[in-house]
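Trainee: First the structure, which I've put down as structure tokens, then a few questions once you've had a look.
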Number of protein chains: 2
Amino acid sequence: MCEIKKSTLGRLPAYLEFLYGIKDKRETISTSAIADALSFGSVQVKKDLSSVCNKGKPKIGYKTAELIEDIEKTIKDVNSGIVLVGVGKIGEAILNYGGFNKFGLKISAAFDSDPNKIGRSENDIIISDVADLQNYCESNKVTIGIIAVPKADAQAVCDSLISGGVKAIWNFAPTILKTNDDINVMQEDLALSLAYLNLKTR
Amino acid sequence: MCEIKKSTLGRLPAYLEFLYGIKDKRETISTSAIADALSFGSVQVKKDLSSVCNKGKPKIGYKTAELIEDIEKTIKDVNSGIVLVGVGKIGEAILNYGGFNKFGLKISAAFDSDPNKIGRSENDIIISDVADLQNYCESNKVTIGIIAVPKADAQAVCDSLISGGVKAIWNFAPTILKTNDDINVMQEDLALSLAYLNLKTR
């Protein structure tokens, strides 16, 4: 499942939205018609769709229903449990972020160590005690953990997540985490992103 | 100034911290000594430093003071004005983010359209009326605008920023902005990042 590029993945929701709109009107659809409708390049559309669905036919294109099904499988058939640890400013922003839904993603639980936050709810997600993190991950087959705690706590949280069976970590704490090679760590460094934009602009 | 890679830029603060620690003790420093101290690969260190400072000499290395000065120039000599527009959850998280300082970056002003927010202060930055955005950017030679407003308002904000002379935009709104080619737009799509991590983990 790793062969889909991030840029392709980013366009899949747009294809899906377009296909939903035409599915009752057109049984088949060509890549060039899709490219025209979305103002994408037709080579790009061809590449994108062939990486998701290999049933396209020359001159005919794709069966609309089949293509929808295959794109949905790629972006919506998601069983991953996702948890967030650390409900500070960044954690709150993530819990309230409206965009995850377009990829069928949902954060199922949030954790913090602050007694004033535990038991509160944020965007309908109840905040639990971080002491229960590992147990929760084990019981609920969580695969992704989002770390939004202060730097000093990040490694301990990471260790709990991994002990609980988590396979991938999205780290917003400004620190490099130590993990085994089989854990997928994505480091989010807002400062580096801004610094890079700044450097390119000078 | 565009030739420095993002990955190199990300390591510069670590070099700087190490060099500050040894600058009174060692007049020159070799790339291999730096690599050892930081547990980086020595080829990587060599490449990183030569992209910042071209005064390294074979067998001797760099003059410590010179190297510090050149790294500082790269990451700290920043005159860019940076403004944030939209003080919702994401905007608040950005205003309170502690990491920008390591690259010498500082957000100088924040804007919102909500009368309940205008005049309030967040992390010592006073929130101004978005109606004054363009004027502020012009008067203060702002070069980077961070957009953290809802999708529906993002293009109008983008247009004001560009009219005010802004050259680069960091967009957190989940929408593609229309700009001229000379404007540097960095799209931040949290949903896409999480979806990609999820896809790689399946």
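Every chain in the structure tokens has a letter given in the order shown (A, B, ...), and although residue numbers restart at 1 in each chain, ligands are simply numbered from 1 in the order shown.
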Near chain A, meaning an atom within 9 Å, which residues of chain B appear when counting only C-alpha atoms? Write them as a PyMOL selection string.
Mentor: chain B and resi 1-7+9-10+74-75+78+80+88-94+96-105+143-144+167-170+174+183-186+189-202
Trainee: So which bits of region 98-157 of chain A end up strand (DSSP E or B) when you DSSP the backbone, as a VMD selection string?
Mentor: chain A and resid 109 to 112 121 to 122 125 to 129 142 to 147
Trainee: Hey, what's within 7 Å of region 157-162 of chain B if we count only C-alpha atoms and toss same-chain stuff fewer than 2 positions away? As a list in words, please?
Mentor: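 What passes the distance filter is Leu133, Gln134, Cys137, Gly145, Asp153, Ala154, Gln155, Gly164, Gly165, Val166 and Lys167 of chain B.
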Trainee: Write the residues you've just listed into a file as a compact mmCIF listing (two decimals), in the first residue's frame, and include N, CA, C and O atoms for each of them.
Mentor:
```txt
# COMPACT_ATOMS: atom_id res chain seq x y z
N LEU B 133 -5.02 44.97 7.76
CA LEU B 133 -3.96 44.04 7.37
C LEU B 133 -3.06 44.59 6.25
O LEU B 133 -1.83 44.63 6.39
N GLN B 134 -3.68 45.01 5.17
CA GLN B 134 -2.89 45.46 4.03
C GLN B 134 -1.99 46.65 4.38
O GLN B 134 -0.80 46.66 4.06
N CYS B 137 0.95 45.58 6.53
CA CYS B 137 1.99 44.87 5.75
C CYS B 137 2.83 45.86 4.95
O CYS B 137 4.06 45.75 4.90
N GLY B 145 3.15 35.92 5.29
CA GLY B 145 1.84 35.89 5.93
C GLY B 145 1.42 34.46 6.23
O GLY B 145 1.55 33.59 5.38
N ASP B 153 -12.71 32.32 3.84
CA ASP B 153 -12.09 33.64 3.93
C ASP B 153 -10.64 33.66 3.42
O ASP B 153 -10.04 34.73 3.30
N ALA B 154 -10.10 32.50 3.12
CA ALA B 154 -8.65 32.40 2.88
C ALA B 154 -8.20 33.19 1.64
O ALA B 154 -7.17 33.87 1.67
N GLN B 155 -8.96 33.12 0.54
CA GLN B 155 -8.52 33.80 -0.68
C GLN B 155 -8.51 35.32 -0.49
O GLN B 155 -7.57 36.00 -0.93
N GLY B 164 -0.45 43.98 0.08
CA GLY B 164 0.39 44.64 1.06
C GLY B 164 1.87 44.36 0.87
O GLY B 164 2.70 44.81 1.65
N GLY B 165 2.22 43.55 -0.15
CA GLY B 165 3.63 43.34 -0.47
C GLY B 165 4.22 42.03 0.02
O GLY B 165 5.42 41.79 -0.14
N VAL B 166 3.40 41.18 0.59
CA VAL B 166 3.90 39.90 1.12
C VAL B 166 4.37 39.00 -0.02
O VAL B 166 3.77 38.96 -1.09
N LYS B 167 5.48 38.31 0.19
CA LYS B 167 6.10 37.49 -0.85
C LYS B 167 5.90 35.99 -0.65
O LYS B 167 6.14 35.18 -1.56
```
Trainee: For Ala65 (chain A), find every residue with an atom within 9 Å (counting only C-alpha atoms), except residues of its own chain fewer than 2 positions away, and show them as a list in words.
Mentor: Leu19, Lys23, Glu27, Thr28, Tyr62, Lys63, Leu67, Ile68, Glu69 and Asp70 of chain A
Trainee: Could you jot down the CA of Val130 (chain B) to CA of Val149 (chain B) separation for me, Å, one decimal place?
Mentor: 10.9 Å
Trainee: Given only C-alpha atoms as the basis, pick out the residue of B:Lys151, B:Lys59, B:Arg120, B:Lys141 nearest to Asn171 (chain B).
Mentor: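 Ranking B:Lys151, B:Lys59, B:Arg120, B:Lys141 by distance to Asn171 (chain B), first place goes to B:Lys151.
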Trainee: Just give me the gap between CA of Ala14 (chain B) and CA of Ala156 (chain A) in Å, one decimal is fine.
Mentor: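 Straight-line distance from CA of Ala14 (chain B) to CA of Ala156 (chain A) works out to 22.4 Å.
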Trainee: Select from region 2-168 of chain B everything DSSP, run on the backbone, classes as alpha helix (DSSP H), then give the selection as a PyMOL selection string.
Mentor: chain B and resi 6-22+31-38+42-50+64-76+89-95+133-139+151-163
Trainee: Find the distance between CA of Asp36 (chain B) and CA of Glu72 (chain B) and write it in Å to one decimal.
Mentor: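 Atom-to-atom, CA of Asp36 (chain B) and CA of Glu72 (chain B) are spaced 21.7 Å apart.
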